[in-house]
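Here is my_file_33.pdb, consisting of PDB, C-alpha atoms:
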ATOM      1  CA  MET A 510      -6.130 -10.000   2.526
ATOM      2  CA  GLN A 511      -4.874  -9.523  -0.976
ATOM      3  CA  ARG A 512      -1.774  -7.745  -2.279
ATOM      4  CA  LEU A 513      -2.865  -4.495  -3.897
ATOM      5  CA  THR A 514       0.337  -2.724  -4.916
ATOM      6  CA  TRP A 515       3.770  -1.707  -3.710
ATOM      7  CA  ALA A 516       5.352   1.617  -2.814
ATOM      8  CA  ALA A 517       8.990   2.693  -2.975
ATOM      9  CA  SER A 518       8.986   4.052   0.598
ATOM     10  CA  LEU A 519       6.899   4.311   3.739
ATOM     11  CA  MET A 520       5.923   7.870   2.811
ATOM     12  CA  GLU A 521       4.528   6.780  -0.552
ATOM     13  CA  ALA A 522       2.748   3.833   1.087
ATOM     14  CA  GLU A 523       1.151   6.153   3.643
ATOM     15  CA  MET A 524      -0.074   8.498   0.892
ATOM     16  CA  ILE A 525      -1.812   5.580  -0.807
ATOM     17  CA  ALA A 526      -3.187   4.337   2.524
ATOM     18  CA  VAL A 527      -4.643   7.776   3.373
ATOM     19  CA  LEU A 528      -6.515   7.808   0.061
ATOM     20  CA  LEU A 529      -7.920   4.330   0.640
ATOM     21  CA  ARG A 530      -8.781   4.874   4.305
ATOM     22  CA  GLY A 531     -10.619   8.031   3.283
ATOM     23  CA  GLU A 532     -12.907   5.744   1.286
ATOM     24  CA  GLY A 533     -13.324   3.363   4.216
ATOM     25  CA  ILE A 534     -10.905   0.739   2.904
ATOM     26  CA  GLU A 535      -8.598  -0.744   5.533
ATOM     27  CA  VAL A 536      -4.968  -1.080   4.459
ATOM     28  CA  LEU A 537      -2.109  -3.158   5.815
ATOM     29  CA  ILE A 538       1.410  -1.938   5.017
ATOM     30  CA  GLN A 539       4.333  -4.358   5.248
ATOM     31  CA  ARG A 540       8.009  -4.085   4.453
ATOM     32  CA  GLN A 541       9.193  -5.958   1.379
ATOM     33  CA  PRO A 542      10.374  -9.443   2.433
ATOM     34  CA  GLY A 543      14.158  -9.529   2.693
ATOM     35  CA  LEU A 544      14.338  -5.752   3.129
ATOM     36  CA  ASP A 545      12.917  -5.541   6.622
ATOM     37  CA  ALA A 546      16.120  -4.433   8.352
ATOM     38  CA  PRO A 547      15.489  -1.662  10.897
ATOM     39  CA  ASP A 548      18.516   0.176   9.485
ATOM     40  CA  PHE A 549      16.346   1.274   6.544
ATOM     41  CA  LEU A 550      14.056   3.233   8.935
ATOM     42  CA  SER A 551      11.291   4.581   6.708
ATOM     43  CA  GLY A 552      13.204   3.804   3.508
ATOM     44  CA  GLY A 553      12.779   0.721   1.415
ATOM     45  CA  PRO A 554       9.825  -0.659  -0.491
ATOM     46  CA  ARG A 555       6.471  -1.509   1.107
ATOM     47  CA  ILE A 556       3.636  -3.799   0.053
ATOM     48  CA  LEU A 557       0.024  -2.732   0.582
ATOM     49  CA  PHE A 558      -2.724  -5.249   1.258
ATOM     50  CA  VAL A 559      -6.506  -4.779   1.352
ATOM     51  CA  GLU A 560      -9.464  -7.009   2.181
ATOM     52  CA  ASP A 561     -10.533  -9.294  -0.662
ATOM     53  CA  ASP A 562     -14.042  -7.840  -0.880
ATOM     54  CA  ARG A 563     -12.711  -4.266  -1.369
ATOM     55  CA  PHE A 564      -9.849  -5.157  -3.721
ATOM     56  CA  ASP A 565     -11.481  -4.042  -6.994
ATOM     57  CA  GLU A 566     -12.544  -0.690  -5.534
ATOM     58  CA  ALA A 567      -9.099  -0.119  -4.006
ATOM     59  CA  ALA A 568      -7.318  -1.065  -7.234
ATOM     60  CA  GLU A 569      -9.451   1.383  -9.195
ATOM     61  CA  LEU A 570      -8.683   4.222  -6.770
ATOM     62  CA  VAL A 571      -4.945   3.548  -6.769
ATOM     63  CA  GLU A 572      -4.857   3.308 -10.561
ATOM     64  CA  ALA A 573      -6.777   6.583 -10.971
ATOM     65  CA  HIS A 574      -4.725   8.597  -8.467
ATOM     66  CA  PHE A 575      -1.250   7.069  -8.630
ATOM     67  CA  GLY A 576      -1.117   5.030 -11.829
ATOM     68  CA  LEU A 577       0.113   2.020  -9.843
ATOM     69  CA  ARG A 578      -1.040  -1.558 -10.188
TER
END

For this file, produce the structure as structure tokens.
Amino acid sequence: MQRLTWAASLMEAEMIAVLLRGEGIEVLIQRQPGLDAPDFLSGGPRILFVEDDRFDEAAELVEAHFGLR
């Protein structure tokens, strides 16, 4: 898996993941290392990962819809 982008919160990460999953791209969402305390609940940054073979397609979708890279 390859790091695609980051999101400021779980909600933002889920919005990106819904877009990608709608195109058949599996997404893994992880908390930012060092900020994985349960006290943050859904707050705190997240990192999104996708399979290597779908990375270019996923990056293009995220760039077009969210302007993130």

Residue IDs satisfying the PyMOL selection byres ((chain A and resi 557) around 9), as a compact mmCIF listing (two decimals) with C-alpha atoms, in the coordinates of the input:
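Printed below is selection.txt as written:
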# COMPACT_ATOMS: atom_id res chain seq x y z
CA GLN A 511 -4.87 -9.52 -0.98
CA ARG A 512 -1.77 -7.74 -2.28
CA LEU A 513 -2.86 -4.50 -3.90
CA THR A 514 0.34 -2.72 -4.92
CA TRP A 515 3.77 -1.71 -3.71
CA ALA A 516 5.35 1.62 -2.81
CA ALA A 522 2.75 3.83 1.09
CA ILE A 525 -1.81 5.58 -0.81
CA ALA A 526 -3.19 4.34 2.52
CA VAL A 536 -4.97 -1.08 4.46
CA LEU A 537 -2.11 -3.16 5.82
CA ILE A 538 1.41 -1.94 5.02
CA GLN A 539 4.33 -4.36 5.25
CA ARG A 540 8.01 -4.08 4.45
CA ARG A 555 6.47 -1.51 1.11
CA ILE A 556 3.64 -3.80 0.05
CA PHE A 558 -2.72 -5.25 1.26
CA VAL A 559 -6.51 -4.78 1.35

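Taking atom CA of A:Val527 and atom CA of A:Glu566 as the two end points, the separation is 14.6 Å.
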
Margin query: What would the selection look like, as a PyMOL selection string, if the PyMOL selection byres ((chain A and resi 519) around 8) were run on the coordinates I just shared?
Written below: chain A and resi 516-518+520-523+551-555

How would the residues just chosen look if you wrote them out with C-alpha atoms as a tab-separated table (two decimals), in the frame of the given file?
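Produced file part_7.tsv, reproduced below:
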chain	number	residue	atom	x	y	z
A	516	ALA	CA	5.35	1.62	-2.81
A	517	ALA	CA	8.99	2.69	-2.98
A	518	SER	CA	8.99	4.05	0.60
A	520	MET	CA	5.92	7.87	2.81
A	521	GLU	CA	4.53	6.78	-0.55
A	522	ALA	CA	2.75	3.83	1.09
A	523	GLU	CA	1.15	6.15	3.64
A	551	SER	CA	11.29	4.58	6.71
A	552	GLY	CA	13.20	3.80	3.51
A	553	GLY	CA	12.78	0.72	1.42
A	554	PRO	CA	9.82	-0.66	-0.49
A	555	ARG	CA	6.47	-1.51	1.11

Item checked: atom CA of A:Ile534 to atom CA of A:Arg563, straight-line distance in Å -> 6.8 Å

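Atom pair atom CA of A:Gly576 / atom CA of A:Gly531: separated by 18.1 Å.
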
Item checked: Nearest-residue call for A:Phe575, choices A:Glu535, A:Asp562, A:Arg530, A:Met524, using all atoms listed in the file -> A:Met524

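For A:Leu570, the non-local neighbours within 9 Å, defined as residues at least 5 positions apart in the same chain or in other chains and counting all atoms listed in the file, are Leu528, Leu529, Asp565 and Phe575 of chain A.
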